[in-house]
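Q: Mind looking over this structure? Questions follow.
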Amino acid sequence: MSIPNAPLYDYLPNEGIETIHEMTLRVLEEFGIAFNHDQAVDILERAGCQVDRDAIPAPLVKFPRGLVLEQIGKAPREFTMYARNPQNNVVLGGKHTVLAPVYGPPNVQDLDKGRREATLEDYRNFVKLAQSVPEIHNAGGVVCEPNDEPQATRHLDMMHALLTLSDKTFMGNVVSGENANDCVELAAIVFGGRDKLAQTPAMLSLINVNSPRLFDTRMLDSLFVYARARQPLLITPFILAGAMSPVALGGSLVQQNAEALAGITLTQLINPGTPVVYGSFLSNSDMQSGSPAFGTPESAAALLASAQLARKYKLPFRGGGGLTSSKVADGQAMWEASMTFWPTFLAGTNFVLHAAGWLESGLTSSYEKFVMDIELCRMMQVFRGGIALDEEGLALDAFAEIGPGGYFFGAAHTLRHFRDAFYRPLLADVQNYTRWEQKGAETAEMRAQRVWKKWLREYAPPPMDAGVLEALNEYVARRKQEINAAEAAY
Amino acid sequence: MTPDEILQQMYDNTVLGKVADVTNLTKEGLALEMDPLDMLYGGENKELGGRGLLPALQEVGRRFEVGDFFVPEMLMSAKAMQGALTLLRPLLAAKGEKTVGKIVMGTVKGDVHDIGKNLCNIMMEGAGFEVIDLGVNVSPEKFVKAVQDNQPDVVGFSAFLTTTMPMIKVNIEQLKKAGLRDKVKVMAGGAPVTAHYAEISGTDGYAPDASATARLAKQFVGSDGAVPTGALVDAIAAVENMMSVVEPT
Ligand code: B12
């Protein structure tokens, strides 16, 4: 969605942002960031970083401030991602907001069958749902984990589903460099070869920082593959304050900023101009039990401040989503999701992962919650639209027509606008008690179930050229054979 | 300080997580030639109130389970007890007393999640186990070598990604190859791991959280019979009480 006039919420004053910026550069210079990857360390050393190769747990890299500022300046302020269907192209950055479904859960849940291990069928269902609803602009990556497919070849099934069942932009696999390469190859088939793909980036890949201050080998392997193929990267420090950063929000923001800027610097050294997104996934631990907590007031404040930092660096921003720790799509699920959606949209977040379907701290993708989240996304979109103050917006003719004590249902102004004047709920029930009861006394969860079932029933696969489909099938079949043969030999 | 006062102070300061104080009290007690077993269990004079290290940890565990104690407090108490145990262990060994048991823990290869594993370690140390933590991204070879070198009673595999869960089985295969599988109990856990998955991977047990992990480890060494002797059995029973305040249903 693109809302040119939407206001952005500045949570911290400018001096606050400058303080965090200054501290960040100090952390990068004095404490450094560890990279568990020889090639990455070589590149950073050559660029002028100070490197301690014997550091534990991984080589420690200290960044001169000049280098960081110079390199992040090379990343584009905004960029276009190209979809199989050009109508689904999206811009990342500026006043644009791109929404993507939940990412990562090994389980799924719905009202009929309860919580269970996710399968490829579930994976395909969530891709279909993402394709069906216009509120979702990116079909996602690991919408759930297809546990019934063999580990080593699962990424091929996922990528095949993303490319064939949807014609929106999508996300690449980051389990290994080899997997990343398969994703690039498969996308190249659809987008007309690797060179063309480099010019029309189609997939965004999630590189998490193993906070505090550590980049993991396989994340970096994937980062190299995608940066070289010039596919956009989402560098996200993954912070549960208290465990993975100090319990202080200020320090957590400094740490997040240092990690993100270090990763972005590396992407620009590998391939200058590679599109990157400044990511934030900052919530807090529950200090009593040690469990991750979501939808907390602290995470809401941190999200707004994080977006301000990304704006300072002129980088697209990722954050938020419908985050919650609840186990079912209940009250807690939706108040925590709302607590996260509000700052997400007030911050003008450019890429929102987990915008629909997230449950149980990311361990479950929920069919019903997917629909509930879509309702919130729709409302946020309307909210961000602002208030029209033109002639129709001020409705003077309605005052002229309706006198004191009258009512506006029949006013000419009303008749011109009533259908789209106000947001029409997708799920929310506004009937009176008796009518609600007569119609089955359905809870929100039950109504949500009807909706996702309908969306799946009505899903129509986007058309695909038969030759392209065949080439995709052939690639997947061949790679499965190769990988299985290699596994058998091992 | 009298030995009775030392025992009480050890209890109080372990509950409060005062690492240096507990170490100093232990030294002071040893200088007075107090029995290390008394320092561990609190000695005879139970009517004097909370005494000694394990009863203190028992109280800490109870407070954690009912939500009064937070993770950092539990961590500091476990550290305080660890400090004392470093001094007491050689003496206990000399007396022919073995520790409750030895555990090797690590996060499997390809996986760097360790918050959950570390909580398990704290709980098990609190239960009197000696925990050898191999860290994260631990290769099967490293697990095998650690089992060979340390001869633990239990080895625990922590896995958080569906892509790394298969390493549980791979590790077990490697233990078999090295002829070690029947010498050690194997447990596994981590957010996406289920009891069913742990079972089909060939482990001896699974636990969903840190308290349950300590209970499971205790079960392993208890049923083994080989490990604890004498007074330590009582200690284990006490620790079991502490861990079972909140039983999973
Ligand atoms: C924190 C976290 C991280 C942190 C870890 C930091 C750290 N030092 O541990 C970081 C940022 C590094 C991280 C990285 C990644 N993560 Co992560 N992470 C999580 C998260 C949010 C919380 C885990 C946690 O610490 N919980 C708190 C502890 C206290 O609770 P617990 O984990 O349940 O632990 C208890 C039990 O499991 C048990 N237990 C634990 N170990 C053991 C061992 C034994 C022997 C026993 C008996 C019991 C036991 O006792 C513990 C204490 O009570 C989970 C989601 C979740 N809700 O679990 C995702 C999650 C596990 N991660 C996930 C993913 C995908 C990743 C990444 C691949 C993301 C990416 N694209 O970059 C990387 C992979 C990195 C790697 N190579 O391992 C997915 C896994 C999905 C899947 N299908 O496999 C999850 C489910 C989130 C998601 N939806 O995406 N992650």
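Convention: chains lettered A, B, ... in structure tokens order; per-chain residue numbering from 1; ligands numbered from 1 as shown.
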Step by step, measure atom-to-atom distances between ligand 1 and each residue using only C-alpha atoms and all ligand atoms, keep those at most 6 Å, then write them as number ranges by chain.

A: A: 103-106, 145, 206-211, 238, 290-292, 361-363; B: 110-117, 119-120, 156-158, 160-163, 187-191, 206-210, 213

Q: Do me a favour and pick out the residues of chain A within 12 Å of chain B, using only C-alpha atoms, as a PyMOL selection string.

A: chain A and resi 36+56-57+104-108+116-118+142+144-155+173-176+208-212+214-219+238+240+242-244+247+285-292+360-364

Q: Quick one: distance from atom CA of A:Gln199 to atom CA of A:Asp167 in Å, one decimal?

A: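 Here the two named atoms are 18.0 Å from each other.
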
Q: List every residue of stretch 82-158 of chain B that DSSP, applied to the backbone, labels as strand (DSSP E), and write the result as a list in words.

A: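 Residues of stretch 82-158 of chain B classed as strand (DSSP E): Lys102, Ile103, Val104, Met105, Gly106, Thr107, Glu130, Val131, Ile132, Asp133, Val154, Val155, Gly156, Phe157 and Ser158 of chain B.
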
Q: Excluding stretch 478-481 of chain A and any residue of its chain fewer than 4 positions from it, enumerate the residues within 8 Å of it, using only C-alpha atoms, and give them as a VMD selection string.

A: chain A and resid 153 156 474 485

Q: Assign secondary structure with DSSP using the backbone only, and return the residues of stretch 258-476 of chain A in alpha helix (DSSP H) as a PyMOL selection string.

A: chain A and resi 258-270+297-312+331-346+367-384+391-394+396-401+412-417+433-438+444-458+466-476

Q: Considering only C-alpha atoms, return as a list in words whatever protein or nucleic-acid residues lie within 12 Å of A:Pro13, sequence-local ones (same chain, fewer than 6 positions apart) excluded.

A: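 My list of contacting residues is Thr19, Ile20, Leu304, Ala305, Gln308 and Leu309 of chain A.
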
Q: Would you save the residues from that selection as a PDB file, in the first residue's frame, using N, CA, C and O atoms?

A:
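The resulting file, again_2.pdb, is shown below:
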ATOM      1  N   THR A  19      21.941  10.848  19.756  1.00  0.00           N
ATOM      2  CA  THR A  19      22.657  10.164  20.842  1.00  0.00           C
ATOM      3  C   THR A  19      22.843   8.688  20.493  1.00  0.00           C
ATOM      4  O   THR A  19      23.935   8.126  20.641  1.00  0.00           O
ATOM      5  N   ILE A  20      21.762   8.060  20.019  1.00  0.00           N
ATOM      6  CA  ILE A  20      21.852   6.637  19.672  1.00  0.00           C
ATOM      7  C   ILE A  20      22.859   6.450  18.531  1.00  0.00           C
ATOM      8  O   ILE A  20      23.691   5.534  18.552  1.00  0.00           O
ATOM      9  N   LEU A 304       8.971   2.303  17.058  1.00  0.00           N
ATOM     10  CA  LEU A 304       8.880   3.676  16.541  1.00  0.00           C
ATOM     11  C   LEU A 304      10.266   4.324  16.468  1.00  0.00           C
ATOM     12  O   LEU A 304      10.612   4.982  15.481  1.00  0.00           O
ATOM     13  N   ALA A 305      11.076   4.103  17.488  1.00  0.00           N
ATOM     14  CA  ALA A 305      12.417   4.696  17.495  1.00  0.00           C
ATOM     15  C   ALA A 305      13.296   4.060  16.413  1.00  0.00           C
ATOM     16  O   ALA A 305      14.078   4.747  15.749  1.00  0.00           O
ATOM     17  N   GLN A 308      12.672   5.587  13.126  1.00  0.00           N
ATOM     18  CA  GLN A 308      13.307   6.908  13.031  1.00  0.00           C
ATOM     19  C   GLN A 308      14.781   6.775  12.628  1.00  0.00           C
ATOM     20  O   GLN A 308      15.287   7.563  11.838  1.00  0.00           O
ATOM     21  N   LEU A 309      15.446   5.768  13.193  1.00  0.00           N
ATOM     22  CA  LEU A 309      16.858   5.562  12.850  1.00  0.00           C
ATOM     23  C   LEU A 309      16.995   5.215  11.373  1.00  0.00           C
ATOM     24  O   LEU A 309      17.846   5.758  10.666  1.00  0.00           O
TER      25      LEU A 309
END

Q: Give me, please, the distance in Å between atom CA of B:Lys27 and atom CA of B:Leu88, quoted to one decimal.

A: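 These two atoms are separated by 9.4 Å.
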
Q: In Å, with one decimal, what is the gap from atom CA of B:Gln58 to atom CA of A:Ser325?

A: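 A separation of 29.3 Å between them.
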
Q: Extract, using only C-alpha atoms, all DNA, RNA and protein residues at most 12 Å from A:Asp112, discarding same-chain residues fewer than 6 positions from it, and format them as a PyMOL selection string.

A: chain A and resi 366-368+445-446+449-450+453

Q: Hey, can you spit out that residue selection with C-alpha atoms as a PDB file, in the first residue's frame?

A:
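Result saved to result_16.pdb:
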ATOM      1  CA  SER A 366      -2.806 -19.896  12.548  1.00  0.00           C
ATOM      2  CA  TYR A 367      -5.425 -19.953   9.815  1.00  0.00           C
ATOM      3  CA  GLU A 368      -7.978 -18.030  11.873  1.00  0.00           C
ATOM      4  CA  GLU A 445     -12.673 -17.251  15.642  1.00  0.00           C
ATOM      5  CA  MET A 446     -15.621 -19.101  14.097  1.00  0.00           C
ATOM      6  CA  GLN A 449     -12.713 -19.856   9.986  1.00  0.00           C
ATOM      7  CA  ARG A 450     -15.552 -19.346   7.524  1.00  0.00           C
ATOM      8  CA  LYS A 453     -12.180 -21.508   4.050  1.00  0.00           C
TER       9      LYS A 453
END

Q: Need to verify the contact set: stretch 94-104 of chain B, 6 Å, only C-alpha atoms, exclusion of same-chain residues closer than 2 positions in sequence. Can you return it as a PDB file with C-alpha atoms, in the first residue's frame?

A:
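New file selection-v2.pdb:
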ATOM      1  CA  LEU B  91      36.701 -33.070  49.071  1.00  0.00           C
ATOM      2  CA  LEU B  92      33.447 -34.868  48.368  1.00  0.00           C
ATOM      3  CA  GLY B 128      23.468 -30.517  42.109  1.00  0.00           C
ATOM      4  CA  PHE B 129      24.533 -31.849  38.727  1.00  0.00           C
ATOM      5  CA  GLU B 130      27.878 -31.061  37.181  1.00  0.00           C
ATOM      6  CA  VAL B 131      27.061 -29.641  33.756  1.00  0.00           C
ATOM      7  CA  ILE B 132      29.609 -29.542  30.959  1.00  0.00           C
ATOM      8  CA  ASP B 133      28.277 -27.098  28.395  1.00  0.00           C
ATOM      9  CA  PRO B 152      28.739 -38.219  31.768  1.00  0.00           C
ATOM     10  CA  ASP B 153      25.582 -39.905  32.981  1.00  0.00           C
ATOM     11  CA  VAL B 154      23.461 -37.952  30.552  1.00  0.00           C
ATOM     12  CA  VAL B 155      24.004 -36.090  27.309  1.00  0.00           C
ATOM     13  CA  PRO B 228      24.471 -41.484  43.842  1.00  0.00           C
TER      14      PRO B 228
END

Q: Residues near A:Gly172, anyone? I mean within 7 Å using only C-alpha atoms, not counting same-chain ones fewer than 5 positions away, as an MDAnalysis selection string.

A: chainID A and resid 141 180 183 203:205

Q: With C-alpha atoms retained, export the selected residues as a compact mmCIF listing (two decimals), in the first residue's frame.

A:
# COMPACT_ATOMS: atom_id res chain seq x y z
CA GLY A 141 9.07 -17.23 2.63
CA ALA A 180 20.02 -19.77 -1.64
CA CYS A 183 16.28 -20.12 -5.07
CA MET A 203 12.91 -11.94 -3.77
CA LEU A 204 13.83 -10.50 -0.44
CA SER A 205 15.75 -12.67 2.01
